[in-house]
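Visitor: The structure that follows is given in the form of structure tokens.
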Amino acid sequence: MNKEINLLYKFNNMTTKSKTGEISSDYQVLQLFTAFGPVPAKVVASVYRDFESSTKRTTKNLHFNTLESLGHFITELLKKYDSPEAFLLSTDDFNIGLDSCNDSEQFQDIFRRYGTSVENPENIIKKKSLFRNIFNK
Amino acid sequence: VQQLTTPELKDYDSVFPGENWFFYWKTSPSLWESKLQNYNDLSPIFIPVYWGLHSENPDQFDFGTNRPEADLKRLFNLANQYGKDVILVLPLSPCPFLTNGGIPSYLSRSLMMNKDGMIATVVDSEKRLNKLFSFYDPRVFQSFRKFTWALGQFLTQNGFNKEVFGADFGYLSNNRYQSYFDDYSTTFMKGYHRYLAQLEQTDPEKVERLIADKAYDEELKKDYANIVKNLYLDSAVETIPANWSGILKFSCLGGSPEDLFSRSFERWETEGQFIKPLLNILVNDLIPSSVLLSKSNKSSILKKALKDTVSQSLLKSHLNNELYEEDLHTGYHPQVFFKVYCKDNQDLLDKTTLKYFFDRDYQWMYRIFHRSFIYTQEYEDVEKIHFFFGKGLNVSEFNQILKLFLNGSKIFIDSDMMHADLTKKLNIFLTENSIETERINFLTPLLKASLGDGLIIVYDSEKLGAQPLMKRINFWETMVKFLKLKTCKLEIDDGLLYVWKNRGSNTYELSYEEIRRLSFYNPTSYKRRATIQSSSNYAFLKTLDETNVEIKSNPIGIDIDLMPGGSVSIDCGYFE
């Protein structure tokens with residue numbers, strides 16, 4: 001349960017033209033962690049390597065041009081880190097959640113309550129197989 | 001080698017949460033007397049002025065007239081009765097350990113934002129979230145003026161003759177001090193736009209420059225922030241003139257935006273995570289504060305690190321605005337070889353890899369000052385190696401540097417962007433005093449001037465910064481090797497932290513020039529080893545405060561195995 005990944009991102013209001021001349025935006029990852037601490041930099045780097053980005057690519061500075069590519073990144077990270085689920089939260093939604101929190105216990109629930117859930121597709125397949133096995137028997 | 005234990009610190013509690021802070025609102029006023037009576041530290045007690053507690057309604061201030069918990073007069077009298085020195089600390093920025101950052105609830109309207117657009121929030125020692133409110137809200141400033149006026153009147157009427165310090169609270173982020181005053185909210189932006197509108201009338205050139213150069217925006221924002229910051233300061237100085245003693249900068253452990261996440265999850269937060277930030281705070285000439293951390297956060301390894309580093313002399317040097325920690329002959333003080341006066345030039349420390357070099361070879365044995373250098377007859381750190389940056393250096397400071405050199409100090413000066421008049425002044429000074437000089441090229445043009453023990457080395461950070469990393473490191477290695485510093489050779493596993501302290505030898509230790517204490521901390525989750533190699537200038541004397549360590553002698557020195565959370569101190573006699 002505690003290996004769920006929480007991701008906090010901010011939208012940088014600086015629409016830029018990418019190399020191909022397309023208009024692109026910038027979604028910057030601010031926090032990427034589980035209840036045990038940050039997702040290991042090596043794991044993040046190995047997944048992030050495959051993502052194109054117009055800005056510099058370090059694990060401390062993860063940028064994505066679209067929300068879709070951010071979602072794709074987190075899906076790949078779930079697989080790599082063998083994590084069941086991730087919660088993505090923008091700073092705006094984070095602030096809404098934070099406003100109603102008074103202590104760290106309530107804070108722990110912000111991502112689950114206000115974030116967008118992304119499930120590990122491999123877990124969904126595993127679940128389906130389990131159901132199939134049960135019902136086939 | 002003897003094994004000893006130093007006296008244990010009194011446990012932290014909610015009223016005395018650390019570093020001599022006294023949180024009078026955390027206990028019943030009936031217990032103030034016993035708390036103060038039992039306080040046995042020689043340093044003054046810091047009493048923070050909790051604005052929100054003394055002002056429940058606008059225009060109404062209570063310093064004890066209505067509620068006993070706000071009775072500052074009784075508190076001062078009790079401290080006086082038991083001979084305790086107190087210092088009143090008035091926050092000039094949001095205060096992270098107070099609800100709403102310390103401001104009254106009727107003013108808590110405009111939330112502060114950090115630079116990433118998150119509500120500025122701090123986890124306190126009881127795991128409550130303190131949200132901070134913007135000091136750029138005009139209503140907050142107007143009420144602050146009224147409050148400081150009322151406080152000043154109260155202090156005068158009651159004959160309070162102790163010092164009052166303003167406090168700027170902040171935290172370290174990427175090794176830079178960030179004040180809680182800094183705000184990125186819409187409240188700040190509204191004020192900034194009012195400032196720009198005013199500039200259009202008073203200084204239109206600045207606005208024109210802003211239109212042409214967007215990067216200038218950051219500079220103007222800084223100007224505006226400084227103006228507002230000074231309004232708060234001026235208000236305090238004007239209304240409490242008799243007792244005003246200056247500003248103290250407190251850097252709070254566990255108070256950064258990143259800490260909000262780590263400290264909210266029990267299995268993420270560890271005691272060891274705060275040791276490196278603590279040492280960084282000390283290196284950056286700030287006063288560390290651990291009051292945001294709970295008692296359980298400070299029960300073992302961090303408790304030892306705080307005991308080892310946050311000394312009476314450290315607090316005294318900040319209270320007296322001294323640029324050195326005076327040896328009080330009562331204990332150890334930090335072993336510092338290098339003093340860097342960088343003002344706003346901290347980037348140059350990274351560019352020249354000087355900081356990297358210090359961190360690698362002289363961990364925590366340097367200090368970075370953002371204040372101007374002032375040389376006085378009492379200045380005790382002449383024997384330390386000083387670094388100055390030409391950028392932003394003025395004539396007065398330059399004269400002080402030359403005096404320091406004449407008194408035998410070793411000085412590095414970065415000539416990049418130094419005013420041409422200062423370069424000329426240096427050359428005239430060297431010629432007029434017939435000082436021996438040598439000019440060579442070693443990655444950068446170097447000028448070496450020496451007189452007795454005094455030494456000046458002038459280099460160019462621009463040219464040095466353009467060199468490959470290894471060459472830059474090699475430059476500093478060569479420079480420092482030339483200075484022949486006497487240190488023990490250490491081999492340290494990754495993640496292990498250590499600090500050196502020293503004191504003069506006493507009458508029973510006359511064989512030694514001084515006693516040096518080396519303390520190790522293992523904040524990691526793994527076993528770590530340190531090896532101290534024997535040196536002809538050092539004699540191992542004793543080990544102290546061993547916690548989760550194994551120490552073995554070997555033919556070349558000592559091996560120390562530290563388990564996770566382990567710590568130990570080793571005393572060595574040092575002689576020339």
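Chain identifiers are assigned as A, B, and so on, following the order in which chains appear in the structure tokens; residues are numbered from 1 within each chain, and ligands are numbered from 1 in order of appearance.
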Near Ser104 (chain A), counting only C-alpha atoms, which residues have an atom at most 10 Å away, once you skip same-chain residues fewer than 6 positions from it, shown as a VMD selection string?
Guide: chain B and resid 122 to 124 126 to 129 260 to 261 263 to 266
Visitor: With N, CA and C atoms retained, could you export that selection as a PDB file, in the first residue's frame?
Guide:
```pdb
ATOM      1  N   VAL B 122       4.717  24.812   7.081  1.00  0.00           N
ATOM      2  CA  VAL B 122       5.807  24.214   7.846  1.00  0.00           C
ATOM      3  C   VAL B 122       5.216  23.213   8.839  1.00  0.00           C
ATOM      4  N   VAL B 123       5.903  22.094   9.001  1.00  0.00           N
ATOM      5  CA  VAL B 123       5.473  21.104  10.000  1.00  0.00           C
ATOM      6  C   VAL B 123       6.141  21.474  11.320  1.00  0.00           C
ATOM      7  N   ASP B 124       5.364  21.611  12.384  1.00  0.00           N
ATOM      8  CA  ASP B 124       5.987  21.983  13.663  1.00  0.00           C
ATOM      9  C   ASP B 124       6.332  20.745  14.482  1.00  0.00           C
ATOM     10  N   GLU B 126       4.921  19.326  16.842  1.00  0.00           N
ATOM     11  CA  GLU B 126       3.807  18.443  17.198  1.00  0.00           C
ATOM     12  C   GLU B 126       3.092  17.921  15.956  1.00  0.00           C
ATOM     13  N   LYS B 127       3.777  18.024  14.834  1.00  0.00           N
ATOM     14  CA  LYS B 127       3.279  17.545  13.543  1.00  0.00           C
ATOM     15  C   LYS B 127       2.039  18.304  13.078  1.00  0.00           C
ATOM     16  N   ARG B 128       1.881  19.514  13.587  1.00  0.00           N
ATOM     17  CA  ARG B 128       0.816  20.366  13.062  1.00  0.00           C
ATOM     18  C   ARG B 128       1.375  21.151  11.876  1.00  0.00           C
ATOM     19  N   LEU B 129       0.482  21.495  10.963  1.00  0.00           N
ATOM     20  CA  LEU B 129       0.932  22.279   9.806  1.00  0.00           C
ATOM     21  C   LEU B 129       0.690  23.761  10.092  1.00  0.00           C
ATOM     22  N   LEU B 260       8.435  19.554   4.260  1.00  0.00           N
ATOM     23  CA  LEU B 260       6.993  19.357   4.450  1.00  0.00           C
ATOM     24  C   LEU B 260       6.622  17.924   4.068  1.00  0.00           C
ATOM     25  N   PHE B 261       7.239  17.411   3.012  1.00  0.00           N
ATOM     26  CA  PHE B 261       6.924  16.066   2.540  1.00  0.00           C
ATOM     27  C   PHE B 261       7.597  15.009   3.413  1.00  0.00           C
ATOM     28  N   ARG B 263       8.841  15.186   6.385  1.00  0.00           N
ATOM     29  CA  ARG B 263       8.488  15.184   7.805  1.00  0.00           C
ATOM     30  C   ARG B 263       7.034  14.773   8.044  1.00  0.00           C
ATOM     31  N   SER B 264       6.259  14.689   6.957  1.00  0.00           N
ATOM     32  CA  SER B 264       4.867  14.279   7.132  1.00  0.00           C
ATOM     33  C   SER B 264       4.706  12.760   7.099  1.00  0.00           C
ATOM     34  N   PHE B 265       5.761  12.079   6.709  1.00  0.00           N
ATOM     35  CA  PHE B 265       5.698  10.614   6.645  1.00  0.00           C
ATOM     36  C   PHE B 265       6.707  10.032   7.633  1.00  0.00           C
ATOM     37  N   GLU B 266       6.184   9.323   8.621  1.00  0.00           N
ATOM     38  CA  GLU B 266       7.049   8.819   9.706  1.00  0.00           C
ATOM     39  C   GLU B 266       8.179   7.935   9.210  1.00  0.00           C
TER      40      GLU B 266
END
```
Visitor: Using only C-alpha atoms, I'd like a table of the residues in chain A that come within 10 Å of chain B; for each, show the closest atom pair and its distance in Å rounded to one decimal, ordered by chain and ascending number, as CSV.
Guide:
```
residue,atom,partner,partner_atom,distance
A:Asn2,CA,B:Arg267,CA,9.9
A:Tyr9,CA,B:Asp116,CA,9.3
A:Lys10,CA,B:Asp116,CA,7.3
A:Phe11,CA,B:Gly117,CA,9.7
A:Asn12,CA,B:Asp116,CA,9.4
A:Gln28,CA,B:Asp116,CA,9.7
A:Leu30,CA,B:Asp116,CA,7.9
A:Gln31,CA,B:Glu258,CA,8.3
A:Phe33,CA,B:Phe261,CA,8.7
A:Thr34,CA,B:Trp268,CA,8.6
A:Ala35,CA,B:Phe265,CA,5.8
A:Phe36,CA,B:Trp268,CA,4.6
A:Gly37,CA,B:Trp268,CA,4.9
A:Pro38,CA,B:Trp268,CA,8.5
A:Ser90,CA,B:Met118,CA,9.8
A:Thr91,CA,B:Met118,CA,6.1
A:Asp92,CA,B:Met118,CA,7.8
A:Asp93,CA,B:Met118,CA,9.8
A:Phe94,CA,B:Met118,CA,7.5
A:Asn95,CA,B:Ile119,CA,6.1
A:Ile96,CA,B:Ile119,CA,9.3
A:Leu98,CA,B:Ile119,CA,7.6
A:Asp99,CA,B:Ile119,CA,8.1
A:Cys101,CA,B:Leu129,CA,7.3
A:Asn102,CA,B:Leu129,CA,5.3
A:Asp103,CA,B:Arg128,CA,4.1
A:Ser104,CA,B:Ser264,CA,4.7
A:Glu105,CA,B:Ser264,CA,7.1
A:Gln106,CA,B:Ser264,CA,9.2
A:Phe107,CA,B:Ser264,CA,6.9
A:Gln108,CA,B:Ser264,CA,6.7
```
Visitor: Keeping C-alpha atoms for every residue in the selection just given, could you write it to a file as a short mmCIF file (atom, residue, chain, number, x, y, z; two decimals), in the first residue's frame?
Guide:
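In the end it all went to out_6.cif:
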```cif
data_model
loop_
_atom_site.label_atom_id
_atom_site.label_comp_id
_atom_site.auth_asym_id
_atom_site.auth_seq_id
_atom_site.Cartn_x
_atom_site.Cartn_y
_atom_site.Cartn_z
CA ASN A 2 2.77 2.39 0.91
CA TYR A 9 3.85 18.89 -10.67
CA LYS A 10 3.53 22.50 -11.63
CA PHE A 11 2.53 24.01 -14.92
CA ASN A 12 5.03 26.64 -15.95
CA GLN A 28 7.68 20.35 -14.12
CA LEU A 30 8.41 18.99 -8.05
CA GLN A 31 8.07 15.92 -5.89
CA PHE A 33 7.93 10.02 -3.63
CA THR A 34 6.36 7.19 -1.69
CA ALA A 35 5.66 7.06 2.03
CA PHE A 36 9.22 5.75 2.47
CA GLY A 37 10.96 8.60 0.69
CA PRO A 38 11.85 9.82 -2.77
CA SER A 90 -0.97 19.80 -9.73
CA THR A 91 0.20 22.58 -7.39
CA ASP A 92 -3.23 24.24 -7.71
CA ASP A 93 -5.03 21.12 -6.50
CA PHE A 94 -2.33 20.54 -3.91
CA ASN A 95 -3.02 23.98 -2.48
CA ILE A 96 -6.74 23.28 -2.31
CA LEU A 98 -3.39 21.75 1.82
CA ASP A 99 -5.79 24.51 2.77
CA CYS A 101 -5.14 20.14 6.30
CA ASN A 102 -4.13 20.86 9.86
CA ASP A 103 -1.64 18.12 10.60
CA SER A 104 0.70 15.71 8.89
CA GLU A 105 -1.75 12.82 9.15
CA GLN A 106 -4.28 14.71 7.05
CA PHE A 107 -1.47 15.80 4.75
CA GLN A 108 -0.65 12.19 3.91
#
```
Visitor: Out of region 36-89 of chain A, which residues get alpha helix (DSSP H) from DSSP, as a list in words?
Guide: Ala41, Lys42, Val43, Val44, Ala45, Ser46, Val47, Tyr48, Leu67, Glu68, Ser69, Leu70, Gly71, His72, Phe73, Ile74, Thr75, Glu76, Leu77, Leu78, Lys79, Lys80 and Tyr81 of chain A
Visitor: Which residues are close to region 536-547 of chain B, i.e. within 12 Å by only C-alpha atoms, leaving aside same-chain residues fewer than 3 positions away? Reply as a PDB file with N, CA and C atoms, in the first residue's frame.
Guide:
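Below is the file that was written, part-v9.pdb:
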```pdb
ATOM      1  N   VAL B   1      43.777   4.279  25.165  1.00  0.00           N
ATOM      2  CA  VAL B   1      42.936   5.463  24.987  1.00  0.00           C
ATOM      3  C   VAL B   1      41.773   5.423  25.977  1.00  0.00           C
ATOM      4  N   GLN B   2      41.620   6.483  26.746  1.00  0.00           N
ATOM      5  CA  GLN B   2      40.546   6.550  27.735  1.00  0.00           C
ATOM      6  C   GLN B   2      39.183   6.660  27.061  1.00  0.00           C
ATOM      7  N   GLN B   3      38.140   6.169  27.741  1.00  0.00           N
ATOM      8  CA  GLN B   3      36.787   6.361  27.224  1.00  0.00           C
ATOM      9  C   GLN B   3      35.982   7.160  28.238  1.00  0.00           C
ATOM     10  N   LEU B   4      35.401   8.256  27.804  1.00  0.00           N
ATOM     11  CA  LEU B   4      34.672   9.131  28.711  1.00  0.00           C
ATOM     12  C   LEU B   4      33.311   9.508  28.137  1.00  0.00           C
ATOM     13  N   THR B   5      32.471  10.061  28.985  1.00  0.00           N
ATOM     14  CA  THR B   5      31.182  10.570  28.539  1.00  0.00           C
ATOM     15  C   THR B   5      31.050  12.006  29.007  1.00  0.00           C
ATOM     16  N   THR B   6      30.673  12.898  28.092  1.00  0.00           N
ATOM     17  CA  THR B   6      30.494  14.300  28.493  1.00  0.00           C
ATOM     18  C   THR B   6      29.119  14.469  29.141  1.00  0.00           C
ATOM     19  N   PRO B   7      28.909  15.515  29.952  1.00  0.00           N
ATOM     20  CA  PRO B   7      27.616  15.693  30.616  1.00  0.00           C
ATOM     21  C   PRO B   7      26.473  15.740  29.611  1.00  0.00           C
ATOM     22  N   GLU B   8      25.376  15.072  29.956  1.00  0.00           N
ATOM     23  CA  GLU B   8      24.221  15.013  29.072  1.00  0.00           C
ATOM     24  C   GLU B   8      23.462  16.334  29.101  1.00  0.00           C
ATOM     25  N   SER B 300      18.978  11.148  19.851  1.00  0.00           N
ATOM     26  CA  SER B 300      20.294  10.501  19.888  1.00  0.00           C
ATOM     27  C   SER B 300      21.333  11.226  19.028  1.00  0.00           C
ATOM     28  N   ILE B 301      21.469  10.840  17.767  1.00  0.00           N
ATOM     29  CA  ILE B 301      22.578  11.345  16.949  1.00  0.00           C
ATOM     30  C   ILE B 301      22.470  12.861  16.705  1.00  0.00           C
ATOM     31  N   LYS B 303      20.900  14.951  18.647  1.00  0.00           N
ATOM     32  CA  LYS B 303      21.106  15.590  19.950  1.00  0.00           C
ATOM     33  C   LYS B 303      22.606  15.798  20.185  1.00  0.00           C
ATOM     34  N   LYS B 304      23.384  14.775  19.846  1.00  0.00           N
ATOM     35  CA  LYS B 304      24.834  14.902  20.025  1.00  0.00           C
ATOM     36  C   LYS B 304      25.398  15.974  19.089  1.00  0.00           C
ATOM     37  N   ALA B 305      24.933  15.965  17.832  1.00  0.00           N
ATOM     38  CA  ALA B 305      25.447  16.953  16.876  1.00  0.00           C
ATOM     39  C   ALA B 305      25.104  18.373  17.327  1.00  0.00           C
ATOM     40  N   LYS B 307      24.595  19.311  20.437  1.00  0.00           N
ATOM     41  CA  LYS B 307      25.412  19.585  21.627  1.00  0.00           C
ATOM     42  C   LYS B 307      26.843  19.941  21.215  1.00  0.00           C
ATOM     43  N   ASP B 308      27.342  19.253  20.181  1.00  0.00           N
ATOM     44  CA  ASP B 308      28.727  19.468  19.747  1.00  0.00           C
ATOM     45  C   ASP B 308      28.924  20.808  19.032  1.00  0.00           C
ATOM     46  N   LEU B 485      48.779  23.529   6.046  1.00  0.00           N
ATOM     47  CA  LEU B 485      47.859  23.350   7.171  1.00  0.00           C
ATOM     48  C   LEU B 485      48.119  21.998   7.803  1.00  0.00           C
ATOM     49  N   LYS B 486      48.070  21.962   9.129  1.00  0.00           N
ATOM     50  CA  LYS B 486      48.337  20.706   9.825  1.00  0.00           C
ATOM     51  C   LYS B 486      47.008  20.024  10.176  1.00  0.00           C
ATOM     52  N   THR B 487      46.691  19.026   9.385  1.00  0.00           N
ATOM     53  CA  THR B 487      45.467  18.283   9.690  1.00  0.00           C
ATOM     54  C   THR B 487      45.774  16.791   9.696  1.00  0.00           C
ATOM     55  N   CYS B 488      44.895  16.060  10.327  1.00  0.00           N
ATOM     56  CA  CYS B 488      45.023  14.602  10.326  1.00  0.00           C
ATOM     57  C   CYS B 488      44.517  14.076   8.998  1.00  0.00           C
ATOM     58  N   LYS B 489      45.110  13.005   8.512  1.00  0.00           N
ATOM     59  CA  LYS B 489      44.593  12.429   7.282  1.00  0.00           C
ATOM     60  C   LYS B 489      43.455  11.467   7.633  1.00  0.00           C
ATOM     61  N   GLU B 509      48.055  19.915  30.253  1.00  0.00           N
ATOM     62  CA  GLU B 509      48.246  19.446  28.875  1.00  0.00           C
ATOM     63  C   GLU B 509      49.333  20.260  28.167  1.00  0.00           C
ATOM     64  N   SER B 511      52.124  19.669  27.055  1.00  0.00           N
ATOM     65  CA  SER B 511      52.861  19.076  25.935  1.00  0.00           C
ATOM     66  C   SER B 511      52.205  19.444  24.614  1.00  0.00           C
ATOM     67  N   TYR B 512      50.956  19.899  24.706  1.00  0.00           N
ATOM     68  CA  TYR B 512      50.216  20.175  23.465  1.00  0.00           C
ATOM     69  C   TYR B 512      49.932  21.658  23.315  1.00  0.00           C
ATOM     70  N   GLU B 513      49.935  22.056  22.051  1.00  0.00           N
ATOM     71  CA  GLU B 513      49.596  23.452  21.762  1.00  0.00           C
ATOM     72  C   GLU B 513      48.101  23.681  21.934  1.00  0.00           C
ATOM     73  N   GLU B 514      47.358  22.718  21.444  1.00  0.00           N
ATOM     74  CA  GLU B 514      45.903  22.776  21.629  1.00  0.00           C
ATOM     75  C   GLU B 514      45.329  21.370  21.602  1.00  0.00           C
ATOM     76  N   ILE B 515      44.079  21.278  22.033  1.00  0.00           N
ATOM     77  CA  ILE B 515      43.401  19.983  22.000  1.00  0.00           C
ATOM     78  C   ILE B 515      42.352  20.063  20.908  1.00  0.00           C
ATOM     79  N   ARG B 516      42.368  19.084  20.018  1.00  0.00           N
ATOM     80  CA  ARG B 516      41.387  19.063  18.930  1.00  0.00           C
ATOM     81  C   ARG B 516      40.437  17.879  19.117  1.00  0.00           C
ATOM     82  N   ARG B 517      39.171  18.161  18.945  1.00  0.00           N
ATOM     83  CA  ARG B 517      38.159  17.107  19.114  1.00  0.00           C
ATOM     84  C   ARG B 517      37.500  16.819  17.771  1.00  0.00           C
ATOM     85  N   LEU B 518      37.510  15.557  17.409  1.00  0.00           N
ATOM     86  CA  LEU B 518      36.929  15.134  16.133  1.00  0.00           C
ATOM     87  C   LEU B 518      35.682  14.299  16.435  1.00  0.00           C
ATOM     88  N   SER B 519      34.538  14.762  15.959  1.00  0.00           N
ATOM     89  CA  SER B 519      33.285  14.032  16.212  1.00  0.00           C
ATOM     90  C   SER B 519      32.756  13.453  14.915  1.00  0.00           C
ATOM     91  N   PHE B 520      32.383  12.187  14.966  1.00  0.00           N
ATOM     92  CA  PHE B 520      31.824  11.507  13.788  1.00  0.00           C
ATOM     93  C   PHE B 520      30.343  11.202  14.016  1.00  0.00           C
ATOM     94  N   TYR B 521      29.568  11.275  12.936  1.00  0.00           N
ATOM     95  CA  TYR B 521      28.147  10.927  12.983  1.00  0.00           C
ATOM     96  C   TYR B 521      27.841  10.067  11.759  1.00  0.00           C
ATOM     97  N   ASN B 522      27.107   8.999  11.990  1.00  0.00           N
ATOM     98  CA  ASN B 522      26.675   8.183  10.854  1.00  0.00           C
ATOM     99  C   ASN B 522      25.160   8.324  10.676  1.00  0.00           C
ATOM    100  N   ILE B 532      41.450   7.108  10.869  1.00  0.00           N
ATOM    101  CA  ILE B 532      42.288   8.278  11.145  1.00  0.00           C
ATOM    102  C   ILE B 532      43.730   7.803  11.107  1.00  0.00           C
ATOM    103  N   GLN B 533      44.497   8.396  10.211  1.00  0.00           N
ATOM    104  CA  GLN B 533      45.902   7.995  10.116  1.00  0.00           C
ATOM    105  C   GLN B 533      46.737   8.767  11.128  1.00  0.00           C
ATOM    106  N   GLU B 550      32.519   0.871  17.052  1.00  0.00           N
ATOM    107  CA  GLU B 550      33.606  -0.034  17.430  1.00  0.00           C
ATOM    108  C   GLU B 550      34.895   0.643  17.020  1.00  0.00           C
ATOM    109  N   ILE B 551      35.828   0.747  17.962  1.00  0.00           N
ATOM    110  CA  ILE B 551      37.085   1.433  17.642  1.00  0.00           C
ATOM    111  C   ILE B 551      38.236   0.447  17.783  1.00  0.00           C
ATOM    112  N   LYS B 552      39.058   0.379  16.756  1.00  0.00           N
ATOM    113  CA  LYS B 552      40.204  -0.541  16.802  1.00  0.00           C
ATOM    114  C   LYS B 552      41.459   0.216  16.387  1.00  0.00           C
ATOM    115  N   SER B 553      42.553  -0.064  17.105  1.00  0.00           N
ATOM    116  CA  SER B 553      43.830   0.537  16.686  1.00  0.00           C
ATOM    117  C   SER B 553      44.431  -0.330  15.598  1.00  0.00           C
ATOM    118  N   ILE B 556      48.696   1.933  11.526  1.00  0.00           N
ATOM    119  CA  ILE B 556      48.835   3.294  10.973  1.00  0.00           C
ATOM    120  C   ILE B 556      47.882   4.298  11.617  1.00  0.00           C
ATOM    121  N   GLY B 557      47.053   3.847  12.531  1.00  0.00           N
ATOM    122  CA  GLY B 557      46.128   4.794  13.150  1.00  0.00           C
ATOM    123  C   GLY B 557      44.970   4.113  13.847  1.00  0.00           C
ATOM    124  N   ILE B 558      43.737   4.625  13.607  1.00  0.00           N
ATOM    125  CA  ILE B 558      42.547   4.079  14.268  1.00  0.00           C
ATOM    126  C   ILE B 558      41.463   3.829  13.232  1.00  0.00           C
ATOM    127  N   ILE B 560      37.434   3.271  12.894  1.00  0.00           N
ATOM    128  CA  ILE B 560      36.194   3.470  13.648  1.00  0.00           C
ATOM    129  C   ILE B 560      35.040   2.967  12.798  1.00  0.00           C
ATOM    130  N   ASP B 561      34.352   1.950  13.288  1.00  0.00           N
ATOM    131  CA  ASP B 561      33.166   1.457  12.591  1.00  0.00           C
ATOM    132  C   ASP B 561      31.939   2.003  13.282  1.00  0.00           C
ATOM    133  N   LEU B 562      31.146   2.731  12.531  1.00  0.00           N
ATOM    134  CA  LEU B 562      29.942   3.325  13.111  1.00  0.00           C
ATOM    135  C   LEU B 562      28.715   2.629  12.535  1.00  0.00           C
ATOM    136  N   MET B 563      27.891   2.092  13.418  1.00  0.00           N
ATOM    137  CA  MET B 563      26.638   1.473  12.995  1.00  0.00           C
ATOM    138  C   MET B 563      25.668   2.606  12.612  1.00  0.00           C
ATOM    139  N   PRO B 564      24.529   2.274  11.965  1.00  0.00           N
ATOM    140  CA  PRO B 564      23.568   3.338  11.643  1.00  0.00           C
ATOM    141  C   PRO B 564      23.191   4.118  12.907  1.00  0.00           C
ATOM    142  N   GLY B 565      23.244   5.428  12.829  1.00  0.00           N
ATOM    143  CA  GLY B 565      22.932   6.271  13.986  1.00  0.00           C
ATOM    144  C   GLY B 565      24.080   6.391  14.970  1.00  0.00           C
ATOM    145  N   GLY B 566      25.213   5.784  14.644  1.00  0.00           N
ATOM    146  CA  GLY B 566      26.353   5.807  15.566  1.00  0.00           C
ATOM    147  C   GLY B 566      27.058   7.151  15.592  1.00  0.00           C
ATOM    148  N   SER B 567      27.689   7.433  16.723  1.00  0.00           N
ATOM    149  CA  SER B 567      28.450   8.684  16.834  1.00  0.00           C
ATOM    150  C   SER B 567      29.538   8.516  17.895  1.00  0.00           C
ATOM    151  N   VAL B 568      30.574   9.313  17.781  1.00  0.00           N
ATOM    152  CA  VAL B 568      31.664   9.254  18.753  1.00  0.00           C
ATOM    153  C   VAL B 568      32.516  10.523  18.611  1.00  0.00           C
ATOM    154  N   SER B 569      33.177  10.896  19.702  1.00  0.00           N
ATOM    155  CA  SER B 569      34.142  12.001  19.625  1.00  0.00           C
ATOM    156  C   SER B 569      35.505  11.484  20.052  1.00  0.00           C
ATOM    157  N   ILE B 570      36.547  12.013  19.455  1.00  0.00           N
ATOM    158  CA  ILE B 570      37.913  11.602  19.780  1.00  0.00           C
ATOM    159  C   ILE B 570      38.745  12.850  20.053  1.00  0.00           C
ATOM    160  N   ASP B 571      39.399  12.886  21.195  1.00  0.00           N
ATOM    161  CA  ASP B 571      40.255  14.029  21.523  1.00  0.00           C
ATOM    162  C   ASP B 571      41.703  13.726  21.145  1.00  0.00           C
ATOM    163  N   CYS B 572      42.340  14.691  20.512  1.00  0.00           N
ATOM    164  CA  CYS B 572      43.746  14.544  20.134  1.00  0.00           C
ATOM    165  C   CYS B 572      44.516  15.746  20.665  1.00  0.00           C
ATOM    166  N   GLY B 573      45.728  15.491  21.118  1.00  0.00           N
ATOM    167  CA  GLY B 573      46.611  16.595  21.472  1.00  0.00           C
ATOM    168  C   GLY B 573      47.355  17.017  20.219  1.00  0.00           C
ATOM    169  N   TYR B 574      47.406  18.318  19.959  1.00  0.00           N
ATOM    170  CA  TYR B 574      48.082  18.797  18.755  1.00  0.00           C
ATOM    171  C   TYR B 574      49.316  19.590  19.157  1.00  0.00           C
ATOM    172  N   PHE B 575      50.443  19.306  18.493  1.00  0.00           N
ATOM    173  CA  PHE B 575      51.655  20.080  18.764  1.00  0.00           C
ATOM    174  C   PHE B 575      52.396  20.346  17.466  1.00  0.00           C
ATOM    175  N   GLU B 576      53.157  21.408  17.431  1.00  0.00           N
ATOM    176  CA  GLU B 576      53.901  21.782  16.207  1.00  0.00           C
ATOM    177  C   GLU B 576      55.094  20.859  16.049  1.00  0.00           C
TER     178      GLU B 576
END
```
Visitor: Can you work out the spacing between CA of Phe111 (chain A) and CA of Ser185 (chain B) in Å, to one decimal?
Guide: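 If I compute the distance from CA of Phe111 (chain A) to CA of Ser185 (chain B), I get 22.6 Å.
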Visitor: Out of A:Val39, A:Leu8, A:Val47, A:Leu78, which residue has the shortest atom-to-atom distance to Asn120 (chain A) when counting only C-alpha atoms?
Guide: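 So, comparing all the options, the nearest one is A:Leu78.
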Visitor: Write out as a ChimeraX atom specification all residues of region 22-207 of chain B that DSSP puts in strand (DSSP E or B) for this structure's backbone.
Guide: /B:45-48,57,60,86-91,111,113,119,121-123,128-131,133,164-173,176-179
Visitor: For Val118 (chain A), which residue among A:Asn61, A:Ile5, A:Val44, A:Leu32 is the nearest when counting only C-alpha atoms?
Guide: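 For Val118 (chain A), the nearest of the candidates is A:Ile5.
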Visitor: So which residues touch region 66-77 of chain A within 9 Å, counting only C-alpha atoms, skipping near sequence neighbours fewer than 6 positions away, as a ChimeraX atom specification?
Guide: /A:5,7,24-27,29,43-44,46-48,50-51,83,85-86,88,118-121
